file query26.txt (compact mmCIF, C-alpha atoms and all ligand atoms)
# COMPACT_ATOMS: atom_id res chain seq x y z
CA MET J 1 -7.48 -58.83 8.31
CA GLN J 2 -10.52 -60.79 9.53
CA THR J 3 -13.27 -61.35 6.96
CA ALA J 4 -15.74 -59.42 9.16
CA ASN J 5 -13.36 -56.46 9.22
CA LEU J 6 -13.13 -56.46 5.46
CA LEU J 7 -16.87 -56.02 5.29
CA ALA J 8 -16.74 -53.30 7.94
CA ALA J 9 -14.19 -51.46 5.80
CA ILE J 10 -16.60 -50.76 2.94
CA THR J 11 -19.23 -48.00 3.03
CA PRO J 12 -22.35 -48.63 5.13
CA GLN J 13 -24.47 -47.98 2.03
CA SER J 14 -22.86 -50.71 -0.06
CA ARG J 15 -22.83 -53.06 2.93
CA GLY J 16 -26.39 -52.46 4.07
CA GLU J 17 -28.39 -52.38 0.83
CA PRO J 18 -30.84 -55.32 0.76
CA ASP J 19 -30.50 -57.89 -2.02
CA SER J 20 -33.03 -57.78 -4.83
CA GLY J 21 -35.73 -60.38 -4.13
CA ILE J 22 -35.85 -61.10 -7.87
CA VAL J 23 -32.18 -62.09 -7.88
CA ARG J 24 -32.66 -64.08 -4.66
CA ALA J 25 -35.55 -66.04 -6.18
CA ALA J 26 -33.58 -66.67 -9.37
CA MET J 27 -30.43 -67.80 -7.53
CA TYR J 28 -32.50 -70.16 -5.40
CA GLY J 29 -34.38 -71.53 -8.42
CA PHE J 30 -31.28 -71.96 -10.62
CA SER J 31 -30.06 -74.73 -8.34
CA LYS J 32 -33.28 -76.78 -8.74
CA THR J 33 -34.25 -78.88 -11.71
CA GLY J 34 -37.53 -78.59 -13.59
CA VAL J 35 -38.53 -75.12 -12.33
CA ILE J 36 -40.43 -72.94 -14.84
CA PRO J 37 -38.73 -69.55 -14.40
CA LEU J 38 -41.07 -66.54 -14.52
CA TRP J 39 -39.05 -64.37 -12.11
CA ALA J 40 -36.93 -62.33 -14.51
CA GLY J 41 -37.92 -59.39 -16.67
CA GLU J 42 -37.13 -60.76 -20.06
CA GLY J 43 -38.69 -62.71 -22.91
CA ASN J 44 -37.69 -66.23 -23.88
CA LEU J 45 -36.50 -65.45 -27.44
CA PRO J 46 -32.85 -64.80 -28.28
CA THR J 47 -31.89 -61.66 -30.23
CA PRO J 48 -32.89 -62.05 -33.90
CA GLU J 49 -30.06 -62.66 -36.33
CA THR J 50 -30.93 -59.44 -38.22
CA PHE J 51 -29.68 -57.47 -35.20
CA SER J 52 -26.83 -59.69 -34.08
CA ARG J 53 -25.20 -60.15 -37.50
CA PRO J 54 -24.07 -56.51 -37.91
CA ALA J 55 -22.58 -56.70 -34.41
CA SER J 56 -20.62 -59.90 -35.10
CA GLU J 57 -19.44 -58.50 -38.42
CA ALA J 58 -18.23 -55.31 -36.75
CA LEU J 59 -16.41 -57.37 -34.12
CA ALA J 60 -14.77 -59.52 -36.81
CA ARG J 61 -13.83 -56.35 -38.72
CA GLY J 62 -11.90 -55.07 -35.72
CA GLU J 63 -14.23 -52.49 -34.21
CA THR J 64 -12.63 -53.26 -30.89
CA PHE J 65 -11.31 -49.87 -29.80
CA TYR J 66 -12.51 -47.17 -27.41
CA THR J 67 -15.28 -45.23 -29.01
CA TRP J 68 -17.44 -42.09 -28.71
CA GLN J 69 -18.45 -41.56 -25.09
CA ARG J 70 -21.94 -40.50 -26.18
CA GLY J 71 -22.35 -43.41 -28.57
CA ILE J 72 -21.45 -43.84 -32.24
CA PRO J 73 -22.99 -41.14 -34.47
CA GLU J 74 -24.78 -43.79 -36.56
CA LEU J 75 -26.66 -45.09 -33.50
CA ARG J 76 -27.57 -41.62 -32.25
CA ASP J 77 -28.90 -40.82 -35.74
CA ALA J 78 -30.88 -44.08 -35.76
CA LEU J 79 -32.38 -43.19 -32.35
CA ALA J 80 -33.49 -39.83 -33.73
CA ARG J 81 -35.05 -41.57 -36.80
CA TYR J 82 -36.86 -44.12 -34.59
CA HIS J 83 -38.36 -41.40 -32.37
CA THR J 84 -39.32 -39.23 -35.34
CA ARG J 85 -41.19 -42.23 -36.77
CA HIS J 86 -43.03 -42.99 -33.53
CA PHE J 87 -43.82 -39.51 -32.29
CA GLY J 88 -44.63 -37.73 -35.53
CA ARG J 89 -42.21 -34.85 -34.96
CA ALA J 90 -38.51 -34.28 -35.56
CA PHE J 91 -35.94 -35.51 -33.03
CA ASP J 92 -32.26 -34.58 -32.94
CA ALA J 93 -29.40 -37.06 -32.46
CA GLU J 94 -27.84 -34.60 -29.99
CA ASN J 95 -30.53 -35.47 -27.41
CA PHE J 96 -29.50 -39.16 -27.23
CA TYR J 97 -26.69 -40.67 -25.15
CA VAL J 98 -25.87 -44.36 -25.45
CA THR J 99 -25.42 -46.16 -22.12
CA GLY J 100 -24.66 -49.60 -20.70
CA GLY J 101 -28.30 -50.73 -20.63
CA GLY J 102 -31.31 -48.89 -19.26
CA MET J 103 -29.74 -49.35 -15.84
CA GLN J 104 -26.82 -47.08 -16.64
CA ALA J 105 -29.18 -44.52 -18.16
CA ILE J 106 -30.96 -44.39 -14.78
CA GLN J 107 -27.68 -44.37 -12.87
CA THR J 108 -26.37 -41.48 -14.99
CA ALA J 109 -29.60 -39.52 -14.54
CA ILE J 110 -29.65 -39.87 -10.77
CA GLN J 111 -25.94 -39.14 -10.40
CA MET J 112 -26.51 -35.96 -12.34
CA ILE J 113 -29.48 -34.59 -10.40
CA ALA J 114 -29.47 -36.04 -6.88
CA GLY J 115 -26.73 -35.35 -4.37
CA GLU J 116 -26.25 -36.36 -0.74
CA GLY J 117 -29.57 -36.05 1.12
CA ASP J 118 -31.57 -35.08 -1.98
CA GLU J 119 -34.90 -36.78 -2.59
CA ILE J 120 -36.52 -38.40 -5.59
CA ILE J 121 -40.20 -39.27 -5.42
CA LEU J 122 -41.12 -42.72 -6.55
CA PRO J 123 -44.58 -44.29 -6.75
CA THR J 124 -44.43 -47.88 -5.55
CA PRO J 125 -44.60 -50.84 -6.05
CA ALA J 126 -41.65 -50.07 -8.34
CA TRP J 127 -38.67 -51.77 -9.92
CA PRO J 128 -36.12 -51.90 -7.05
CA ASN J 129 -33.27 -50.53 -9.17
CA TYR J 130 -34.26 -46.93 -8.48
CA ALA J 131 -34.34 -46.97 -4.71
CA GLY J 132 -31.16 -49.10 -4.41
CA PRO J 133 -28.77 -46.88 -6.38
CA LEU J 134 -30.26 -43.75 -4.82
CA ARG J 135 -29.60 -45.03 -1.29
CA ILE J 136 -26.12 -46.20 -2.26
CA GLN J 137 -25.15 -42.70 -3.41
CA GLY J 138 -26.57 -41.12 -0.23
CA SER J 139 -29.76 -39.74 -1.81
CA ARG J 140 -33.22 -40.60 -0.57
CA PRO J 141 -35.96 -42.41 -2.49
CA VAL J 142 -39.29 -41.09 -1.22
CA GLU J 143 -41.64 -43.96 -1.85
CA VAL J 144 -45.32 -43.11 -2.34
CA PRO J 145 -47.47 -46.26 -2.38
CA MET J 146 -50.10 -46.46 -5.10
CA ASP J 147 -53.57 -47.69 -4.16
CA PHE J 148 -54.86 -51.13 -5.10
CA ALA J 149 -58.63 -51.03 -4.76
CA ASN J 150 -61.53 -52.60 -6.65
CA GLY J 151 -59.09 -54.72 -8.65
CA GLY J 152 -57.09 -51.77 -10.00
CA TRP J 153 -54.03 -49.60 -9.31
CA ARG J 154 -54.41 -45.85 -9.00
CA LEU J 155 -51.81 -43.13 -8.77
CA ASP J 156 -53.04 -40.51 -6.31
CA LEU J 157 -51.54 -37.33 -7.74
CA ASP J 158 -52.32 -35.28 -4.63
CA LYS J 159 -50.43 -37.79 -2.51
CA LEU J 160 -47.57 -37.79 -5.02
CA PHE J 161 -47.26 -34.01 -5.15
CA GLY J 162 -47.79 -33.80 -1.38
CA ALA J 163 -44.51 -35.71 -0.92
CA VAL J 164 -42.48 -32.87 -2.47
CA THR J 165 -40.14 -31.13 0.02
CA PRO J 166 -37.39 -28.52 -0.41
CA ARG J 167 -34.96 -31.47 -0.91
CA THR J 168 -36.96 -32.97 -3.81
CA LYS J 169 -35.10 -33.01 -7.11
CA ALA J 170 -37.34 -35.19 -9.28
CA ILE J 171 -40.49 -37.20 -9.67
CA CYS J 172 -39.83 -40.57 -11.21
CA ILE J 173 -42.55 -42.18 -13.33
CA ASN J 174 -42.20 -45.62 -14.87
CA SER J 175 -45.00 -46.19 -17.35
CA PRO J 176 -45.96 -48.85 -18.34
CA SER J 177 -44.86 -50.00 -14.94
CA ASN J 178 -42.71 -52.87 -13.84
CA PRO J 179 -44.15 -54.65 -11.86
CA LEU J 180 -47.76 -53.41 -12.17
CA GLY J 181 -48.39 -53.09 -15.89
CA TRP J 182 -50.23 -49.90 -14.84
CA THR J 183 -49.94 -47.30 -17.57
CA ALA J 184 -50.20 -43.53 -17.06
CA SER J 185 -52.73 -41.63 -19.14
CA ARG J 186 -51.71 -38.60 -21.14
CA GLU J 187 -53.61 -36.49 -18.60
CA GLU J 188 -51.63 -37.94 -15.68
CA LEU J 189 -48.36 -37.30 -17.53
CA SER J 190 -49.42 -33.71 -18.23
CA ALA J 191 -50.28 -33.21 -14.55
CA VAL J 192 -46.82 -34.44 -13.51
CA ARG J 193 -45.23 -32.17 -16.14
CA ASP J 194 -47.18 -29.15 -14.87
CA HIS J 195 -46.26 -29.82 -11.26
CA CYS J 196 -42.59 -30.31 -12.11
CA ARG J 197 -42.51 -27.17 -14.25
CA LYS J 198 -44.13 -25.13 -11.49
CA ASN J 199 -41.72 -26.38 -8.82
CA GLY J 200 -38.51 -26.55 -10.85
CA LEU J 201 -38.29 -30.35 -10.54
CA TRP J 202 -36.89 -32.89 -12.94
CA ILE J 203 -39.10 -35.55 -14.48
CA LEU J 204 -37.28 -38.85 -14.44
CA GLY J 205 -39.19 -40.94 -16.96
CA ASP J 206 -38.76 -44.64 -17.62
CA GLU J 207 -40.63 -45.82 -20.69
CA VAL J 208 -38.70 -48.99 -21.44
CA TYR J 209 -41.98 -50.94 -21.87
CA SER J 210 -43.78 -48.31 -23.96
CA ARG J 211 -44.11 -50.61 -26.99
CA PHE J 212 -45.73 -53.31 -24.83
CA TYR J 213 -49.05 -51.52 -24.73
CA TYR J 214 -52.31 -53.41 -25.11
CA SER J 215 -54.45 -50.74 -26.65
CA ASP J 216 -58.01 -51.34 -27.77
CA ARG J 217 -57.63 -48.54 -30.28
CA GLY J 218 -54.68 -49.86 -32.26
CA GLU J 219 -52.01 -47.55 -30.77
CA ILE J 220 -48.56 -49.12 -30.95
CA ARG J 221 -47.06 -47.32 -27.99
CA ALA J 222 -48.18 -46.04 -24.61
CA PRO J 223 -48.72 -42.35 -23.82
CA SER J 224 -45.30 -40.78 -23.29
CA PHE J 225 -43.72 -37.74 -21.69
CA LEU J 226 -42.50 -37.03 -25.22
CA ASP J 227 -46.15 -36.35 -26.15
CA VAL J 228 -46.44 -33.58 -23.59
CA CYS J 229 -42.91 -32.21 -22.98
CA ASP J 230 -40.26 -30.32 -24.94
CA SER J 231 -36.87 -31.91 -25.61
CA GLU J 232 -35.05 -29.07 -23.86
CA GLU J 233 -36.89 -29.02 -20.53
CA GLN J 234 -36.21 -30.76 -17.21
CA LEU J 235 -36.89 -34.21 -18.60
CA LEU J 236 -34.56 -37.21 -18.43
CA LEU J 237 -35.84 -40.36 -20.09
CA GLY J 238 -34.17 -43.73 -19.65
CA ASN J 239 -34.64 -46.43 -22.27
CA THR J 240 -33.10 -49.68 -23.44
CA PHE J 241 -32.66 -52.18 -26.24
CA SER J 242 -33.27 -54.97 -23.73
CA LYS J 243 -37.03 -55.43 -23.90
CA ASN J 244 -38.40 -54.48 -27.35
CA TRP J 245 -35.61 -56.13 -29.26
CA ALA J 246 -34.80 -59.10 -26.97
CA MET J 247 -31.31 -57.81 -26.14
CA THR J 248 -31.15 -58.00 -22.33
CA GLY J 249 -27.67 -59.57 -22.38
CA TRP J 250 -26.20 -56.89 -24.63
CA ARG J 251 -26.38 -54.22 -21.95
CA VAL J 252 -27.11 -51.31 -24.28
CA GLY J 253 -29.61 -48.54 -23.62
CA TRP J 254 -29.89 -44.79 -23.93
CA LEU J 255 -30.61 -41.64 -22.01
CA GLN J 256 -32.64 -38.91 -23.68
CA ALA J 257 -31.82 -35.49 -22.22
CA PRO J 258 -31.54 -31.79 -23.03
CA LYS J 259 -28.61 -30.95 -25.32
CA VAL J 260 -27.08 -28.53 -22.86
CA LEU J 261 -26.32 -31.48 -20.54
CA GLY J 262 -24.16 -33.16 -23.20
CA GLN J 263 -20.77 -32.51 -21.59
CA ALA J 264 -21.98 -33.41 -18.10
CA ILE J 265 -23.42 -36.71 -19.35
CA GLU J 266 -20.28 -37.42 -21.33
CA ARG J 267 -18.16 -36.97 -18.18
CA LEU J 268 -20.37 -39.32 -16.17
CA ILE J 269 -20.17 -41.94 -18.90
CA GLN J 270 -16.38 -41.51 -19.02
CA TYR J 271 -16.00 -41.99 -15.28
CA ASN J 272 -18.47 -44.89 -15.02
CA THR J 273 -17.89 -47.12 -18.04
CA SER J 274 -15.93 -45.07 -20.59
CA GLY J 275 -18.46 -45.95 -23.25
CA THR J 276 -20.39 -48.83 -24.76
CA ALA J 277 -18.76 -51.36 -27.11
CA ALA J 278 -18.84 -49.97 -30.66
CA PHE J 279 -19.51 -53.34 -32.28
CA LEU J 280 -22.61 -53.86 -30.13
CA GLN J 281 -23.92 -50.48 -31.18
CA ARG J 282 -23.87 -51.63 -34.84
CA GLY J 283 -26.45 -54.28 -33.94
CA CYS J 284 -28.57 -51.66 -32.19
CA VAL J 285 -28.73 -49.58 -35.39
CA ALA J 286 -30.19 -52.62 -37.18
CA ALA J 287 -32.67 -53.17 -34.32
CA LEU J 288 -33.99 -49.62 -34.59
CA ASP J 289 -34.16 -49.55 -38.38
CA GLU J 290 -35.36 -53.09 -39.07
CA GLY J 291 -36.95 -54.22 -35.82
CA GLU J 292 -40.64 -53.40 -36.27
CA PRO J 293 -41.81 -56.86 -37.47
CA PHE J 294 -40.03 -58.45 -34.49
CA ILE J 295 -41.58 -56.01 -32.03
CA ASP J 296 -45.05 -56.63 -33.54
CA ASN J 297 -44.54 -60.33 -33.01
CA GLN J 298 -43.32 -59.88 -29.42
CA VAL J 299 -46.28 -57.66 -28.50
CA THR J 300 -48.80 -60.04 -30.12
CA ARG J 301 -47.34 -62.94 -28.14
CA ALA J 302 -47.26 -60.91 -24.94
CA ARG J 303 -50.90 -59.91 -25.33
CA ALA J 304 -52.03 -63.50 -25.98
CA ASN J 305 -50.01 -64.67 -22.95
CA ARG J 306 -51.43 -61.91 -20.79
CA ASP J 307 -54.92 -63.13 -21.72
CA LEU J 308 -53.91 -66.72 -20.99
CA VAL J 309 -52.57 -66.04 -17.50
CA THR J 310 -55.29 -63.59 -16.48
CA ASP J 311 -57.91 -66.03 -17.69
CA ARG J 312 -56.41 -68.89 -15.70
CA LEU J 313 -55.73 -66.92 -12.51
CA SER J 314 -59.15 -65.29 -12.46
CA SER J 315 -60.72 -68.66 -11.67
CA LEU J 316 -58.42 -69.28 -8.66
CA PRO J 317 -59.69 -68.52 -5.15
CA GLY J 318 -57.95 -65.74 -3.20
CA VAL J 319 -56.13 -64.35 -6.25
CA SER J 320 -56.78 -60.78 -7.41
CA PHE J 321 -55.09 -58.46 -9.87
CA GLU J 322 -55.50 -55.68 -12.39
CA VAL J 323 -55.43 -56.87 -16.00
CA PRO J 324 -52.26 -55.07 -17.10
CA ARG J 325 -52.50 -52.53 -19.92
CA GLY J 326 -48.78 -52.53 -20.55
CA ALA J 327 -45.35 -54.16 -19.94
CA PHE J 328 -45.20 -57.96 -19.64
CA TYR J 329 -45.77 -58.68 -15.96
CA LEU J 330 -48.73 -59.79 -13.92
CA PHE J 331 -48.68 -58.54 -10.33
CA PHE J 332 -51.23 -60.55 -8.40
CA ARG J 333 -52.37 -60.58 -4.80
CA LEU J 334 -52.56 -63.79 -2.88
CA GLU J 335 -55.00 -63.46 -0.04
CA GLY J 336 -53.51 -64.45 3.32
CA MET J 337 -49.88 -64.24 2.18
CA THR J 338 -47.79 -62.15 4.57
CA ASP J 339 -44.25 -63.07 3.47
CA SER J 340 -43.91 -63.00 -0.31
CA MET J 341 -40.19 -63.91 -0.27
CA ALA J 342 -40.75 -67.05 1.79
CA THR J 343 -43.77 -67.94 -0.35
CA VAL J 344 -41.78 -67.57 -3.57
CA LEU J 345 -39.14 -69.99 -2.27
CA ARG J 346 -41.87 -72.38 -1.20
CA ILE J 347 -43.57 -72.27 -4.62
CA ILE J 348 -40.22 -72.96 -6.28
CA ASP J 349 -39.78 -76.06 -4.10
CA GLU J 350 -43.33 -77.32 -4.03
CA ALA J 351 -44.82 -76.27 -7.39
CA LYS J 352 -41.63 -75.81 -9.41
CA VAL J 353 -42.73 -72.41 -10.62
CA GLY J 354 -40.58 -69.31 -10.16
CA PHE J 355 -42.21 -65.96 -9.35
CA ALA J 356 -40.70 -62.77 -7.91
CA PRO J 357 -41.74 -61.58 -4.42
CA GLY J 358 -43.94 -58.47 -4.28
CA ALA J 359 -42.12 -57.11 -1.21
CA THR J 360 -38.99 -56.43 -3.25
CA PHE J 361 -40.91 -53.73 -5.17
CA GLY J 362 -41.25 -51.53 -2.09
CA PRO J 363 -44.15 -50.29 0.05
CA GLY J 364 -47.47 -51.74 -1.10
CA GLY J 365 -45.81 -54.76 -2.70
CA GLU J 366 -46.04 -57.26 0.17
CA GLY J 367 -48.95 -59.64 -0.34
CA PHE J 368 -48.33 -59.80 -4.11
CA LEU J 369 -46.30 -61.95 -6.48
CA ARG J 370 -44.97 -60.96 -9.91
CA MET J 371 -44.70 -63.17 -12.96
CA CYS J 372 -43.19 -62.34 -16.33
CA TYR J 373 -45.46 -63.69 -19.08
CA LEU J 374 -43.34 -63.00 -22.17
CA ARG J 375 -42.49 -66.70 -22.17
CA ASP J 376 -43.37 -69.84 -24.14
CA ALA J 377 -47.18 -70.18 -24.07
CA GLY J 378 -47.10 -73.94 -23.44
CA LEU J 379 -44.80 -73.54 -20.43
CA LEU J 380 -46.92 -70.69 -19.10
CA ALA J 381 -50.03 -72.89 -19.27
CA GLU J 382 -48.12 -75.65 -17.46
CA ALA J 383 -46.97 -73.13 -14.82
CA MET J 384 -50.57 -72.01 -14.28
CA ASP J 385 -51.66 -75.67 -13.84
CA ARG J 386 -48.91 -76.26 -11.29
CA PHE J 387 -49.66 -73.04 -9.41
CA GLY J 388 -53.40 -73.82 -9.37
CA ASP J 389 -52.70 -77.27 -7.87
CA TRP J 390 -50.29 -75.79 -5.33
CA LEU J 391 -52.78 -73.15 -4.27
CA GLY J 392 -55.00 -75.95 -2.94
CA THR J 393 -52.24 -76.68 -0.40
CA PHE J 394 -51.70 -73.03 0.62
CA LYS J 395 -53.23 -72.24 3.99
CA ARG J 396 -54.75 -68.80 4.07
C1 LIG J 401 -38.65 -50.44 -15.40
C2 LIG J 401 -37.32 -50.82 -15.92
N1 LIG J 401 -36.47 -49.86 -16.30
C3 LIG J 401 -35.26 -50.12 -16.78
C4 LIG J 401 -34.83 -51.43 -16.91
C5 LIG J 401 -33.44 -51.60 -17.40
O1 LIG J 401 -33.18 -52.49 -18.34
P1 LIG J 401 -31.71 -52.91 -18.76
O2 LIG J 401 -30.74 -52.39 -17.77
O3 LIG J 401 -31.74 -54.39 -18.85
O4 LIG J 401 -31.50 -52.31 -20.09
C6 LIG J 401 -35.67 -52.48 -16.51
C7 LIG J 401 -35.23 -53.89 -16.58
O5 LIG J 401 -35.83 -54.78 -16.04
C8 LIG J 401 -36.95 -52.16 -16.02
O6 LIG J 401 -37.82 -53.11 -15.64
call {"tool": "encode", "arguments": {"input": "query26.txt", "output": "structure tokens", "more": "lines below"}}
Ligand SMILES: Cc1ncc(COP(=O)(O)O)c(C=O)c1O
result
Amino acid sequence: MQTANLLAAITPQSRGEPDSGIVRAAMYGFSKTGVIPLWAGEGNLPTPETFSRPASEALARGETFYTWQRGIPELRDALARYHTRHFGRAFDAENFYVTGGGMQAIQTAIQMIAGEGDEIILPTPAWPNYAGPLRIQGSRPVEVPMDFANGGWRLDLDKLFGAVTPRTKAICINSPSNPLGWTASREELSAVRDHCRKNGLWILGDEVYSRFYYSDRGEIRAPSFLDVCDSEEQLLLGNTFSKNWAMTGWRVGWLQAPKVLGQAIERLIQYNTSGTAAFLQRGCVAALDEGEPFIDNQVTRARANRDLVTDRLSSLPGVSFEVPRGAFYLFFRLEGMTDSMATVLRIIDEAKVGFAPGATFGPGGEGFLRMCYLRDAGLLAEAMDRFGDWLGTFKR
């Protein structure tokens, strides 16, 4: 068979889905020396030994067999303890399902609620890993651009609710947002809850950055759907060990869902991955139970770095942004830029700094670049110097 025919023999959805611009930037930058990489969504610290030791010990002990499809009971109990601590009310282990990263939590949620032709509403700019999997399974992401005006992002709830059709199954809210750092207020979350309740829609919540919240009032997490919803309503929440606990490479996350969905979720896990490695889950228990000092340190660093980059970029001509209240990204507009992918590749070559292109985050993203600032402060400062020098050469 000809190579071209091989490609023609796979589904149009898997053939036609565009590549993630983040991955494209990273692949391009990996082949160059001396580039400061700010394209990916992860910090620069490895997983602390306190979390990795229990995992290596479990591996050495022979915890190498198939395990519970929903996750080991000890980890589901630890998830309930962690939530009880942070939300001031009791949580039940039966509402937690361990997945292969936050990505599989999202994949499981959308497989469960959206069929062929069904729609999920998604404010954009958004992390591309919602729209991609939805299109691949034949569902439709309905992208509703947020407004960037007067140096700030705003979610227009009327526009959001106006996008609901008879095919709509869910409204998806990622707060704090990747890439914007925009963070929904409790009032906005309540409004989404009310609209979903009234129309029988699912809320698909993604709060993986909730601990990266730069409150002026000392709060240690962002407003959450868990503040305004019941555990047994139409709420599916994806989360992950990747960000808070510096475990991106572990690929462990969780889905929080009503108990009555337990068997359906278990089946999807069985048919997708058949479970998450038991020995890894031992490390996740330690992360939940002993991870607070590490998270404090991560958030303190992220906040200082956010101040560093916003300070430096605010003095550059043609650059505008909202100072992010959450997550660890800065999404900034570069006046006169019409092709963010081409510009990212150019900045990699000419300034040796690696950003992600705004266009990859959907409608409203072109014209912007994203940087991850949970990196070494010295390198970030160097990256800002290089970018500032490069900007002098950029023709608007
Ligand atoms: C908004 C958002 N949700 C979920 C994830 C999933 O994280 P992971 O699959 O690494 O656990 C990410 C990762 O970048 C993200 O940015």
call {"tool": "residues_near_ligand", "arguments": {"input": "query26.txt", "ligand": "ligand LIG 401 (chain J)", "cutoff": "8 Å", "atoms": "all atoms listed in the file", "output": "JSON, numbers by chain"}}
result
{"J": [40, 41, 42, 100, 101, 102, 103, 104, 106, 126, 127, 129, 174, 175, 177, 178, 179, 206, 207, 208, 209, 238, 239, 240, 241, 242, 243, 248, 249, 251, 252, 253]}
call {"tool": "residues_around", "arguments": {"input": "query26.txt", "residues": "segment 15-23 of chain J", "least_positions_apart": "2", "cutoff": "9 Å", "atoms": "only C-alpha atoms", "output": "list in words"}}
result
Leu7, Ala8, Ile10, Thr11, Pro12, Gln13, Ala25, Ala26, Met27, Tyr28, Trp39, Ala40, Pro128, Asn129, Gly132, Arg135, Ile136, Met341, Phe355, Ala356, Pro357, Gly358, Ala359, Thr360 and Phe361 of chain J
call {"tool": "closest_atom_pairs", "arguments": {"input": "query26.txt", "of": "segment 9-101 of chain J", "to": "segment 274-292 of chain J", "cutoff": "12 Å", "atoms": "all atoms listed in the file", "output": "tab-separated table"}}
result
residue	atom	partner	partner_atom	distance
J:Thr47	CA	J:Ala287	CA	9.5
J:Pro48	CA	J:Ala287	CA	8.9
J:Glu49	CA	J:Gly283	CA	9.4
J:Thr50	CA	J:Ala286	CA	6.9
J:Phe51	CA	J:Gly283	CA	4.7
J:Ser52	CA	J:Gly283	CA	5.4
J:Arg53	CA	J:Gly283	CA	7.0
J:Pro54	CA	J:Gly283	CA	5.1
J:Ala55	CA	J:Gly283	CA	4.6
J:Ser56	CA	J:Phe279	CA	7.2
J:Glu57	CA	J:Phe279	CA	8.0
J:Ala58	CA	J:Phe279	CA	5.0
J:Leu59	CA	J:Phe279	CA	5.4
J:Ala60	CA	J:Phe279	CA	9.0
J:Arg61	CA	J:Phe279	CA	9.1
J:Gly62	CA	J:Phe279	CA	8.5
J:Glu63	CA	J:Phe279	CA	5.7
J:Thr64	CA	J:Phe279	CA	7.0
J:Phe65	CA	J:Ala278	CA	7.6
J:Tyr66	CA	J:Gly275	CA	7.4
J:Thr67	CA	J:Ala278	CA	6.2
J:Trp68	CA	J:Gly275	CA	6.8
J:Gln69	CA	J:Gly275	CA	4.8
J:Arg70	CA	J:Gly275	CA	7.1
J:Gly71	CA	J:Thr276	CA	6.9
J:Ile72	CA	J:Ala278	CA	6.8
J:Pro73	CA	J:Gln281	CA	9.9
J:Glu74	CA	J:Val285	CA	7.1
J:Leu75	CA	J:Val285	CA	5.3
J:Arg76	CA	J:Val285	CA	8.6
J:Asp77	CA	J:Val285	CA	8.8
J:Ala78	CA	J:Val285	CA	5.9
J:Leu79	CA	J:Leu288	CA	7.0
J:Ala80	CA	J:Leu288	CA	9.8
J:Arg81	CA	J:Asp289	CA	8.2
J:Tyr82	CA	J:Leu288	CA	6.2
J:His83	CA	J:Leu288	CA	9.6
J:Thr84	CA	J:Leu288	CA	11.7
J:Arg85	CA	J:Asp289	CA	10.3
J:His86	CA	J:Glu292	CA	11.0
J:Tyr97	CA	J:Gly275	CA	10.0
J:Val98	CA	J:Thr276	CA	7.1
J:Thr99	CA	J:Thr276	CA	6.3
J:Gly100	CA	J:Thr276	CA	5.9
J:Gly101	CA	J:Thr276	CA	9.1
call {"tool": "write_last_selection", "arguments": {"input": "query26.txt", "atoms": "C-alpha atoms", "output": "compact mmCIF listing (two decimals), in the frame of the given file"}}
result
# COMPACT_ATOMS: atom_id res chain seq x y z
CA THR J 47 -31.89 -61.66 -30.23
CA PRO J 48 -32.89 -62.05 -33.90
CA GLU J 49 -30.06 -62.66 -36.33
CA THR J 50 -30.93 -59.44 -38.22
CA PHE J 51 -29.68 -57.47 -35.20
CA SER J 52 -26.83 -59.69 -34.08
CA ARG J 53 -25.20 -60.15 -37.50
CA PRO J 54 -24.07 -56.51 -37.91
CA ALA J 55 -22.58 -56.70 -34.41
CA SER J 56 -20.62 -59.90 -35.10
CA GLU J 57 -19.44 -58.50 -38.42
CA ALA J 58 -18.23 -55.31 -36.75
CA LEU J 59 -16.41 -57.37 -34.12
CA ALA J 60 -14.77 -59.52 -36.81
CA ARG J 61 -13.83 -56.35 -38.72
CA GLY J 62 -11.90 -55.07 -35.72
CA GLU J 63 -14.23 -52.49 -34.21
CA THR J 64 -12.63 -53.26 -30.89
CA PHE J 65 -11.31 -49.87 -29.80
CA TYR J 66 -12.51 -47.17 -27.41
CA THR J 67 -15.28 -45.23 -29.01
CA TRP J 68 -17.44 -42.09 -28.71
CA GLN J 69 -18.45 -41.56 -25.09
CA ARG J 70 -21.94 -40.50 -26.18
CA GLY J 71 -22.35 -43.41 -28.57
CA ILE J 72 -21.45 -43.84 -32.24
CA PRO J 73 -22.99 -41.14 -34.47
CA GLU J 74 -24.78 -43.79 -36.56
CA LEU J 75 -26.66 -45.09 -33.50
CA ARG J 76 -27.57 -41.62 -32.25
CA ASP J 77 -28.90 -40.82 -35.74
CA ALA J 78 -30.88 -44.08 -35.76
CA LEU J 79 -32.38 -43.19 -32.35
CA ALA J 80 -33.49 -39.83 -33.73
CA ARG J 81 -35.05 -41.57 -36.80
CA TYR J 82 -36.86 -44.12 -34.59
CA HIS J 83 -38.36 -41.40 -32.37
CA THR J 84 -39.32 -39.23 -35.34
CA ARG J 85 -41.19 -42.23 -36.77
CA HIS J 86 -43.03 -42.99 -33.53
CA TYR J 97 -26.69 -40.67 -25.15
CA VAL J 98 -25.87 -44.36 -25.45
CA THR J 99 -25.42 -46.16 -22.12
CA GLY J 100 -24.66 -49.60 -20.70
CA GLY J 101 -28.30 -50.73 -20.63
call {"tool": "atom_distance", "arguments": {"input": "query26.txt", "atom1": "atom CA of Arg24 of chain J", "atom2": "atom CA of Leu345 of chain J"}}
result
9.1 Å
call {"tool": "axis_aligned_box", "arguments": {"input": "query26.txt", "around": "segment 171-190 of chain J", "padding_each_side": "3 Å", "output": "lines of an AutoDock Vina configuration file"}}
result
center_x = -46.7
center_y = -44.2
center_z = -15.4
size_x = 19.8
size_y = 26.9
size_z = 17.5
